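Participant: Structure supplied as structure-v3.cif; contents: mmCIF, C-alpha atoms.
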```cif
data_model
loop_
_atom_site.label_atom_id
_atom_site.label_comp_id
_atom_site.auth_asym_id
_atom_site.auth_seq_id
_atom_site.Cartn_x
_atom_site.Cartn_y
_atom_site.Cartn_z
CA MET X 14 -1.69 -5.25 -12.58
CA GLU X 15 -3.46 -7.37 -15.15
CA THR X 16 -4.51 -10.81 -14.03
CA ARG X 17 -3.93 -13.56 -16.54
CA SER X 18 -4.70 -17.26 -16.54
CA LYS X 19 -1.84 -19.73 -16.28
CA THR X 20 -2.42 -20.72 -19.88
CA ALA X 21 -2.11 -17.16 -21.06
CA LYS X 22 0.84 -16.57 -18.78
CA ASN X 23 2.86 -19.41 -20.23
CA THR X 24 1.99 -18.76 -23.86
CA LYS X 25 4.54 -16.76 -25.81
CA PRO X 26 3.07 -14.11 -28.15
CA SER X 27 3.15 -15.11 -31.78
CA THR X 28 5.63 -13.33 -34.02
CA HIS X 29 3.82 -14.32 -37.20
CA CYS X 30 0.55 -13.33 -38.76
CA SER X 31 -2.22 -15.90 -39.21
CA CYS X 32 -1.19 -16.21 -42.84
CA GLY X 33 2.28 -17.37 -41.82
CA SER X 34 4.30 -14.26 -42.61
CA PRO X 35 6.18 -12.28 -39.95
CA LYS X 36 4.15 -9.56 -38.28
CA GLY X 37 4.61 -6.19 -39.95
CA THR X 38 5.30 -7.74 -43.37
CA CYS X 39 1.87 -9.24 -44.01
CA THR X 40 0.05 -7.85 -47.05
CA ASN X 41 -3.13 -9.80 -46.40
CA LYS X 42 -5.32 -6.94 -45.21
CA LYS X 43 -8.37 -9.14 -44.67
CA SER X 44 -6.57 -11.28 -42.10
CA GLU X 45 -6.28 -8.42 -39.57
CA LYS X 46 -9.52 -6.49 -39.17
CA PHE X 47 -9.12 -3.07 -37.54
CA SER X 48 -10.31 -2.83 -33.96
CA PRO X 49 -9.96 0.20 -31.66
CA VAL X 50 -9.14 -2.09 -28.75
CA ALA X 51 -5.84 -2.96 -30.44
CA LEU X 52 -4.68 0.66 -30.15
CA GLU X 53 -2.76 2.17 -27.26
CA ALA X 54 -4.97 4.01 -24.76
CA ALA X 55 -4.12 7.55 -25.91
CA GLU X 56 -4.37 6.62 -29.57
CA ARG X 57 -7.65 4.79 -28.99
CA ARG X 58 -9.12 7.81 -27.19
CA HIS X 59 -8.06 10.10 -30.03
CA PHE X 60 -9.56 7.78 -32.64
CA LEU X 61 -12.89 7.48 -30.80
CA HIS X 62 -13.09 11.24 -30.31
CA GLU X 63 -12.60 11.68 -34.05
CA MET X 64 -15.23 9.01 -34.65
CA VAL X 65 -17.79 11.01 -32.63
CA LYS X 66 -16.85 14.19 -34.48
CA SER X 67 -17.59 12.42 -37.76
CA PHE X 68 -21.20 11.74 -36.70
CA PRO X 69 -24.10 13.96 -37.82
CA GLN X 70 -24.47 17.04 -35.62
CA ALA X 71 -27.73 15.79 -34.13
CA MET X 72 -26.02 12.59 -32.94
CA GLN X 73 -23.06 14.57 -31.55
CA ASN X 74 -25.56 16.60 -29.52
CA ARG X 75 -27.03 13.37 -28.08
CA VAL X 76 -23.56 12.16 -27.08
CA THR X 77 -22.90 15.51 -25.37
CA VAL X 78 -26.11 15.11 -23.37
CA LEU X 79 -25.13 11.55 -22.40
CA LYS X 80 -21.76 12.75 -21.09
CA ASN X 81 -23.49 15.50 -19.10
CA VAL X 82 -25.71 12.81 -17.60
CA GLN X 83 -22.56 10.89 -16.74
CA LEU X 84 -21.23 13.95 -14.87
CA ASP X 85 -24.44 14.03 -12.83
CA HIS X 86 -23.96 10.34 -12.07
CA ILE X 87 -20.38 10.98 -10.95
CA ALA X 88 -21.57 13.76 -8.62
CA THR X 89 -23.98 11.26 -7.05
CA ASP X 90 -21.16 8.73 -6.72
CA SER X 91 -19.10 11.34 -4.86
CA GLU X 92 -21.93 11.82 -2.37
CA PHE X 93 -22.23 8.04 -2.02
CA PHE X 94 -18.56 7.71 -1.08
CA LYS X 95 -18.90 10.51 1.48
CA GLU X 96 -21.77 8.65 3.13
CA MET X 97 -19.81 5.39 3.00
CA ASN X 98 -16.91 7.06 4.76
CA LYS X 99 -19.21 8.38 7.50
CA LEU X 100 -20.46 4.82 8.01
CA GLU X 101 -16.89 3.55 8.17
CA VAL X 102 -15.96 6.16 10.79
CA LYS X 103 -18.97 5.03 12.85
CA TYR X 104 -17.95 1.38 12.74
CA ALA X 105 -14.26 2.16 13.24
CA ILE X 106 -15.26 3.53 16.64
CA LYS X 107 -17.17 0.31 17.36
CA SER X 108 -14.10 -1.73 16.41
CA GLN X 109 -12.04 -0.16 19.19
CA LYS X 110 -13.33 -2.69 21.72
CA PHE X 111 -11.81 -5.52 19.65
CA TYR X 112 -8.50 -3.68 19.40
CA GLU X 113 -8.51 -3.10 23.17
CA LYS X 114 -9.03 -6.82 23.78
CA ARG X 115 -6.27 -7.66 21.29
CA PHE X 116 -3.89 -5.22 23.03
CA ASP X 117 -4.66 -6.68 26.47
CA ILE X 118 -3.84 -10.21 25.26
CA ILE X 119 -0.70 -9.24 23.33
CA SER X 120 0.69 -7.11 26.16
CA GLY X 121 -0.05 -9.76 28.79
CA LYS X 122 -2.48 -7.54 30.66
CA PHE X 123 -5.09 -10.28 30.20
CA ASP X 124 -4.32 -13.98 29.88
CA PRO X 125 -7.40 -15.58 28.28
CA PRO X 126 -8.58 -19.08 29.19
CA LYS X 127 -8.05 -21.79 26.61
CA GLN X 128 -10.63 -21.91 23.78
CA HIS X 129 -11.35 -24.36 20.98
CA ALA X 130 -10.76 -23.06 17.44
CA ARG X 131 -13.99 -22.08 15.68
CA TRP X 132 -12.49 -22.45 12.20
CA LYS X 133 -11.07 -25.24 10.09
CA GLU X 134 -7.30 -25.27 9.81
CA CYS X 135 -5.69 -25.39 6.36
CA ASP X 136 -3.49 -28.36 5.48
CA THR X 137 0.12 -27.18 4.99
CA ILE X 138 1.68 -30.65 4.79
CA GLY X 139 3.96 -30.86 1.74
CA ILE X 140 4.61 -27.11 1.71
CA MET X 141 7.12 -27.03 4.58
CA GLY X 142 10.71 -27.06 3.45
CA ASN X 143 10.16 -25.72 -0.06
CA GLY X 144 12.54 -22.90 -0.84
CA ASP X 145 16.03 -21.87 0.18
CA HIS X 146 15.72 -22.59 3.90
CA ILE X 147 15.19 -25.63 6.09
CA PHE X 148 12.22 -24.56 8.18
CA ALA X 149 13.13 -26.67 11.21
CA GLU X 150 16.40 -24.75 11.56
CA VAL X 151 14.94 -21.31 10.90
CA LEU X 152 12.11 -21.85 13.39
CA ASN X 153 14.68 -22.00 16.20
CA GLU X 154 15.01 -18.23 15.84
CA TYR X 155 11.31 -17.84 16.67
CA LYS X 156 11.25 -19.93 19.85
CA ILE X 157 9.78 -18.22 22.90
CA SER X 158 10.22 -19.31 26.50
CA ASN X 159 7.31 -20.90 28.36
CA ASP X 160 7.20 -18.07 30.90
CA ALA X 161 6.78 -15.34 28.25
CA ILE X 162 4.11 -12.75 28.98
CA GLY X 163 1.52 -12.05 26.29
CA ILE X 164 2.82 -12.41 22.73
CA PRO X 165 6.33 -10.87 22.47
CA ASN X 166 7.26 -9.02 19.24
CA PHE X 167 3.71 -9.44 17.89
CA TRP X 168 3.63 -6.28 15.75
CA PHE X 169 7.23 -6.60 14.62
CA THR X 170 6.43 -10.11 13.41
CA VAL X 171 3.25 -8.92 11.66
CA LEU X 172 5.08 -6.19 9.73
CA ARG X 173 7.96 -8.51 8.88
CA ASN X 174 5.46 -10.97 7.40
CA VAL X 175 3.98 -8.40 4.97
CA ASP X 176 6.11 -7.98 1.85
CA VAL X 177 5.19 -4.38 1.12
CA ILE X 178 6.07 -3.34 4.70
CA ALA X 179 8.96 -5.71 5.42
CA HIS X 180 11.24 -4.19 2.78
CA LEU X 181 10.87 -0.80 4.51
CA ILE X 182 12.28 -2.21 7.76
CA GLN X 183 16.08 -2.16 7.80
CA GLU X 184 18.30 -4.25 10.03
CA HIS X 185 19.18 -1.22 12.16
CA ASP X 186 15.43 -0.59 12.71
CA GLU X 187 14.77 -4.00 14.23
CA PRO X 188 15.78 -3.33 17.86
CA VAL X 189 13.31 -0.46 18.23
CA MET X 190 10.61 -2.16 16.12
CA LYS X 191 10.53 -4.86 18.79
CA HIS X 192 9.26 -2.15 21.15
CA LEU X 193 6.19 -1.52 18.93
CA VAL X 194 3.24 -2.55 21.13
CA ASP X 195 0.20 -1.41 19.14
CA ILE X 196 -1.00 0.19 15.91
CA ARG X 197 -4.35 1.98 15.87
CA GLU X 198 -6.47 4.00 13.47
CA LYS X 199 -8.01 7.23 14.70
CA CYS X 200 -10.91 8.64 12.68
CA ASP X 201 -11.33 12.14 14.06
CA GLU X 202 -12.43 13.80 10.82
CA ASP X 203 -14.82 12.92 8.00
CA SER X 204 -12.12 13.34 5.35
CA ALA X 205 -9.03 12.03 7.14
CA PHE X 206 -7.65 9.26 9.32
CA THR X 207 -4.58 9.02 11.53
CA LEU X 208 -2.37 5.98 12.11
CA GLU X 209 -0.97 5.72 15.64
CA PHE X 210 2.14 3.63 16.36
CA HIS X 211 2.53 2.99 20.10
CA PHE X 212 5.99 2.16 21.48
CA ASP X 213 7.33 0.99 24.80
CA LYS X 214 10.16 2.93 26.42
CA ASN X 215 13.27 2.43 24.30
CA ASP X 216 16.83 3.66 23.76
CA TYR X 217 16.11 5.49 20.50
CA PHE X 218 13.42 8.16 20.98
CA THR X 219 11.35 9.63 23.80
CA ASP X 220 7.96 9.53 22.06
CA ASN X 221 5.34 7.02 23.20
CA VAL X 222 3.25 7.46 20.04
CA LEU X 223 4.25 8.28 16.44
CA THR X 224 1.49 9.43 14.09
CA LYS X 225 0.79 9.64 10.37
CA LYS X 226 -2.27 11.47 9.06
CA TYR X 227 -3.85 10.88 5.63
CA THR X 228 -6.39 13.20 4.02
CA PHE X 229 -8.99 12.22 1.40
CA ASN X 230 -10.37 14.22 -1.50
CA PHE X 231 -13.88 13.11 -2.42
CA GLN X 232 -14.33 15.55 -5.31
CA PRO X 233 -13.74 14.53 -8.96
CA ASN X 234 -10.81 16.14 -10.73
CA THR X 235 -12.23 19.03 -12.74
CA GLN X 236 -9.74 18.37 -15.56
CA LYS X 237 -10.46 14.62 -15.77
CA PRO X 238 -13.90 14.12 -14.21
CA PHE X 239 -14.76 11.01 -16.22
CA LEU X 240 -11.90 9.09 -14.61
CA TYR X 241 -13.43 9.40 -11.15
CA GLU X 242 -13.58 6.07 -9.29
CA GLY X 243 -13.90 7.27 -5.73
CA PRO X 244 -12.02 9.32 -3.14
CA LEU X 245 -8.26 9.60 -3.30
CA VAL X 246 -5.67 10.04 -0.63
CA CYS X 247 -4.23 13.42 -1.58
CA LYS X 248 -2.07 14.34 1.38
CA SER X 249 -0.06 12.74 4.18
CA GLU X 250 1.45 14.37 7.26
CA GLY X 251 4.02 12.72 9.49
CA CYS X 252 5.27 13.76 12.91
CA LYS X 253 8.49 14.91 14.49
CA ILE X 254 10.44 12.11 16.14
CA ASN X 255 12.33 13.18 19.26
CA TRP X 256 15.46 11.11 18.83
CA LYS X 257 17.83 10.58 21.72
CA LYS X 258 21.40 11.80 21.22
CA ASP X 259 23.20 10.01 18.36
CA MET X 260 20.32 7.51 17.99
CA ASN X 261 18.59 8.85 14.85
CA LEU X 262 18.04 5.75 12.71
CA THR X 263 17.30 7.81 9.57
CA LEU X 264 20.83 9.21 9.52
CA THR X 265 24.29 7.67 9.38
CA THR X 266 27.66 9.29 9.93
CA VAL X 267 30.22 9.17 7.14
CA LYS X 268 33.86 10.24 7.21
CA LYS X 269 35.09 12.45 4.44
CA LYS X 270 38.66 13.58 3.80
CA ALA X 271 39.15 17.20 2.79
CA LYS X 272 41.87 19.83 2.65
CA ASP X 273 41.76 22.70 5.11
CA LYS X 274 42.81 26.30 4.44
CA ASP X 275 46.45 25.35 5.00
CA ASN X 276 46.17 22.68 2.31
CA LYS X 277 46.45 19.93 4.91
CA MET X 278 44.32 16.81 4.78
CA SER X 279 41.76 16.45 7.54
CA CYS X 280 38.82 14.17 8.24
CA LYS X 281 35.32 15.55 8.58
CA PHE X 282 32.25 13.70 9.75
CA LYS X 283 28.87 14.33 8.24
CA ASN X 284 25.38 12.95 8.84
CA VAL X 285 23.67 11.73 5.67
CA PRO X 286 20.20 10.20 5.17
CA ARG X 287 19.82 6.44 5.00
CA LYS X 288 16.99 4.00 4.51
CA SER X 289 14.82 3.38 7.55
CA PHE X 290 11.23 2.47 8.36
CA PHE X 291 11.05 5.73 10.30
CA ASN X 292 11.31 7.75 7.09
CA PHE X 293 7.63 6.75 6.84
CA PHE X 294 6.94 9.56 9.33
CA ASN X 295 8.64 12.18 7.15
CA PRO X 296 6.88 12.09 3.75
CA PRO X 297 7.55 14.68 1.02
CA VAL X 298 5.67 17.92 1.62
CA LEU X 299 4.38 19.67 -1.47
CA LYS X 300 3.53 23.35 -1.59
CA ASP X 301 0.54 24.59 -3.57
CA ASN X 302 1.08 24.42 -7.35
CA GLU X 303 4.49 22.81 -6.86
CA THR X 304 5.54 20.51 -9.67
CA MET X 305 6.48 16.96 -8.72
CA ASP X 306 9.40 15.11 -10.20
CA ASP X 307 9.02 11.38 -10.92
CA ASP X 308 10.91 10.29 -7.80
CA THR X 309 8.71 12.38 -5.52
CA LYS X 310 5.61 11.13 -7.27
CA ASP X 311 6.67 7.49 -6.84
CA THR X 312 7.48 8.12 -3.17
CA LEU X 313 4.06 9.66 -2.53
CA ILE X 314 2.20 6.89 -4.34
CA LEU X 315 3.98 4.26 -2.27
CA ASP X 316 3.41 6.29 0.89
CA PHE X 317 -0.33 6.60 0.23
CA ASP X 318 -0.57 2.90 -0.63
CA VAL X 319 1.20 1.84 2.56
CA GLY X 320 -1.04 4.10 4.67
CA LEU X 321 -4.18 2.60 3.14
CA PHE X 322 -2.80 -0.88 3.61
CA PHE X 323 -2.23 -0.27 7.31
CA ARG X 324 -5.77 1.05 7.60
CA SER X 325 -7.70 -1.52 5.62
CA ARG X 326 -5.65 -4.69 6.14
CA ILE X 327 -2.97 -4.70 8.81
CA ILE X 328 -4.82 -3.00 11.68
CA PRO X 329 -8.13 -4.92 11.40
CA LYS X 330 -6.53 -8.28 10.47
CA ALA X 331 -3.17 -8.24 12.26
CA VAL X 332 -3.42 -11.73 13.77
CA LEU X 333 -4.00 -13.25 10.33
CA TYR X 334 -0.69 -11.80 9.11
CA PHE X 335 0.98 -13.00 12.30
CA THR X 336 -0.17 -16.59 11.60
CA GLY X 337 0.19 -16.46 7.80
CA ASP X 338 -3.52 -16.98 7.09
CA LEU X 339 -3.29 -13.87 4.93
CA ALA X 340 -0.18 -14.26 2.79
CA GLU X 341 0.51 -11.34 0.48
CA PHE X 342 0.83 -11.90 -3.26
CA ASP X 343 4.24 -10.92 -4.60
CA PRO X 344 3.95 -9.57 -8.18
CA CYS X 345 7.64 -10.33 -8.72
CA SER X 346 7.27 -13.99 -7.87
CA SER X 347 7.05 -16.65 -10.60
CA ASP X 348 5.55 -19.17 -8.18
CA GLU X 349 2.15 -20.18 -9.52
CA ASP X 350 1.38 -22.71 -6.82
CA GLU X 351 -0.79 -20.29 -4.87
CA TRP X 352 -3.22 -21.89 -2.47
CA GLU X 353 -6.15 -20.50 -0.58
CA CYS X 354 -8.22 -21.76 2.30
CA GLU X 355 -10.59 -18.80 2.44
CA ASP X 356 -13.00 -17.34 -0.09
CA SER X 357 -11.50 -15.05 -2.68
CA ASP X 358 -12.84 -12.09 -0.70
CA ASP X 359 -9.88 -12.52 1.66
CA SER X 360 -7.25 -12.28 -1.04
CA VAL X 361 -5.61 -9.04 -2.02
CA ASP X 362 -6.70 -7.88 -5.43
CA SER X 363 -4.21 -6.11 -7.63
CA ASN X 364 -5.41 -2.95 -9.33
CA GLU X 365 -2.15 -1.62 -10.63
CA SER X 366 -2.41 0.33 -13.83
CA ASN X 367 0.22 1.36 -16.34
CA ASN X 368 -2.08 4.01 -17.79
CA SER X 369 -0.80 7.40 -16.67
CA ASP X 370 -4.20 8.89 -17.52
CA MET X 371 -5.48 7.46 -14.24
CA ASP X 372 -3.23 9.82 -12.27
CA GLY X 373 -5.30 12.45 -10.53
CA ALA X 374 -8.63 10.82 -11.41
CA ALA X 375 -10.03 12.60 -8.38
CA GLY X 376 -8.86 15.93 -7.05
CA GLY X 377 -5.48 16.28 -5.41
CA VAL X 378 -1.95 15.77 -6.60
CA ASN X 379 -1.29 13.56 -9.58
CA GLY X 380 -0.42 10.09 -8.46
CA SER X 381 -2.92 10.11 -5.59
CA THR X 382 -4.04 6.69 -4.51
CA PRO X 383 -7.65 5.44 -4.59
CA ALA X 384 -8.90 5.29 -1.02
CA SER X 385 -10.40 2.18 0.48
CA VAL X 386 -13.82 3.28 1.66
CA GLY X 387 -15.45 0.34 3.38
CA ARG X 388 -13.61 -2.58 4.93
CA GLY X 389 -15.21 -5.00 2.48
CA ASN X 390 -13.94 -3.01 -0.48
CA ASP X 391 -10.21 -3.04 0.16
CA ARG X 392 -8.05 -1.51 -2.52
CA ALA X 393 -4.77 -3.23 -3.27
CA VAL X 394 -1.38 -1.78 -2.75
CA ASN X 395 0.70 -0.85 -5.79
CA LYS X 396 3.64 -2.87 -4.62
CA LYS X 397 7.12 -2.11 -5.88
CA CYS X 398 8.99 -5.13 -7.20
CA LYS X 399 12.18 -5.63 -5.30
CA SER X 400 15.27 -6.76 -7.13
CA LYS X 401 15.76 -10.45 -6.55
#
```
Please rewrite the model in this file as structure tokens.
Facilitator:
Amino acid sequence: METRSKTAKNTKPSTHCSCGSPKGTCTNKKSEKFSPVALEAAERRHFLHEMVKSFPQAMQNRVTVLKNVQLDHIATDSEFFKEMNKLEVKYAIKSQKFYEKRFDIISGKFDPPKQHARWKECDTIGIMGNGDHIFAEVLNEYKISNDAIGIPNFWFTVLRNVDVIAHLIQEHDEPVMKHLVDIREKCDEDSAFTLEFHFDKNDYFTDNVLTKKYTFNFQPNTQKPFLYEGPLVCKSEGCKINWKKDMNLTLTTVKKKAKDKDNKMSCKFKNVPRKSFFNFFNPPVLKDNETMDDDTKDTLILDFDVGLFFRSRIIPKAVLYFTGDLAEFDPCSSDEDEWECEDSDDSVDSNESNNSDMDGAAGGVNGSTPASVGRGNDRAVNKKCKSK
């Protein structure tokens, strides 16, 4: 997504030329000097390719050599990202001790002694009460008894506070989501990572852990090597959920009237798919050389984005989403009164692109998502705008 200043955002594009006549009817050729940047991406690329072809042959040869040099540079970049990923795997293992401590506190296994905050709190006075709800009334729903153990519903609250995840959680998912006790990342391969969702015993499925594996491709796309910007997530693999009888949250039963062989009306019941967070563990599976339709492509892009977001943001910074210190930017919102109390490094950048030429910039299926290699180099999620 392009980032614009407030001034640019509130300024309506002019419908008239600088000479005063409506755009498209101006005959003053000098007032609008041609510039390749004014062309659409595909048209601009075509024009610049023709420009190079118009050069003397000796100059065309020099440009060819420069692009070959660029390919060598890209090959080095690919090796760089592989080494970066190895370093990340190393430090992901070191981070486990922090996740263990977090789990012990949340679960109530360890009740830490009181500590003084080592950070400066942000001032939220004046913000409370803005919007459609009266906060004082809504907060009653979040009250917890004084004898509560650990931090109840910690992970459910975290996911509900993140826009891109919250809209995946349906009302019928909530009872079992309250049994989610931990989310971990397992780096058991150099080119893949696995998300682990740990659940307490519940009435819906028998599994203690649900998993989702994501695989990287570090190699540039041979058809579009110059678009390489780093490794892409090219594949995701879910897991089988062992649902208890009649408790599958991804299905709902519908009644359908139909005529039998004697031409009598009868009612039949059929299970049909429905929206659920647990569809996350059943992503589309593509066979080799299989063509994707647009819906499948959009589903995979969102799936890859969500997986990366869990890895690079939610798992390492869960408490900050629980407390609201990291509030996600909603691209559909018109609210410009954004406020920050951390450096801009803690905000989520938006790198959405409308240029379809970026699809498949590295090897893998078209629509693969740039991978976040390095915790300090988080890639943003291509969030889908929800209808308001």
Participant: Which distance in Å separates atom CA of X:Asn174 and atom CA of X:Glu150, to one decimal?
Facilitator: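 We find that atom CA of X:Asn174 and atom CA of X:Glu150 lie 18.1 Å from each other.
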Participant: Starting from the point (23.5, 7.2, 4.8), work out which residues of protein, DNA or RNA have an atom no more than 6 Å away when counting all atoms listed in the file; state them as a list in words.
Facilitator: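 I get Leu264, Thr265, Val285, Pro286 and Arg287 of chain X for the residues within 6 Å of that point.
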Participant: Could those residues be written to a file, using C-alpha atoms, as a CSV table (one decimal), in the frame of the given file?
Facilitator:
```
chain,number,residue,atom,x,y,z
X,264,LEU,CA,20.8,9.2,9.5
X,265,THR,CA,24.3,7.7,9.4
X,285,VAL,CA,23.7,11.7,5.7
X,286,PRO,CA,20.2,10.2,5.2
X,287,ARG,CA,19.8,6.4,5.0
```
Participant: Please, what distance in Å, to one decimal, runs between atom CA of X:Leu79 and atom CA of X:Asn98?
Facilitator: 28.7 Å
Participant: Since I can't run it myself right now, could you work out what the PyMOL selection byres ((chain X and resi 93-96) around 8) selects here and report it as a ChimeraX atom specification?
Facilitator: /X:89-92,97-100,231,243-244,386
Participant: Counting only C-alpha atoms, which residues sit no farther than 9 Å from the position (-11.4, -2.6, 13.3) in the file's frame? I'd like them as a list in words.
Facilitator: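 Checked against the point, the hits come out as Tyr104, Ala105, Ile106, Lys107, Ser108, Gln109, Lys110, Phe111, Tyr112, Arg197, Glu198, Arg324, Ser325, Ile328, Pro329, Lys330 and Arg388 of chain X.
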Participant: Please measure the separation of atom CA of X:Ala161 and atom CA of X:Glu187, giving the value in Å to one decimal.
Facilitator: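 The value is 19.7 Å.
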Participant: List the residues matched by the PyMOL selection byres ((chain X and resi 166) around 9) in the displayed structure as a PyMOL selection string, ordered by chain and then by residue number.
Facilitator: chain X and resi 119+164-165+167-171+190-194
Participant: Give me the residues near X:Leu84 as a ChimeraX atom specification, where near means some atom within 12 Å (using only C-alpha atoms) and where sequence neighbours in that chain fewer than 4 positions away do not count.
Facilitator: /X:77-80,88-91,232-235,237-241
Participant: Using only C-alpha atoms, find the one residue out of X:His185, X:Lys248, X:Lys226, X:Lys258 that sits nearest to X:Phe290.
Facilitator: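 Result for the nearest residue to X:Phe290: X:His185.
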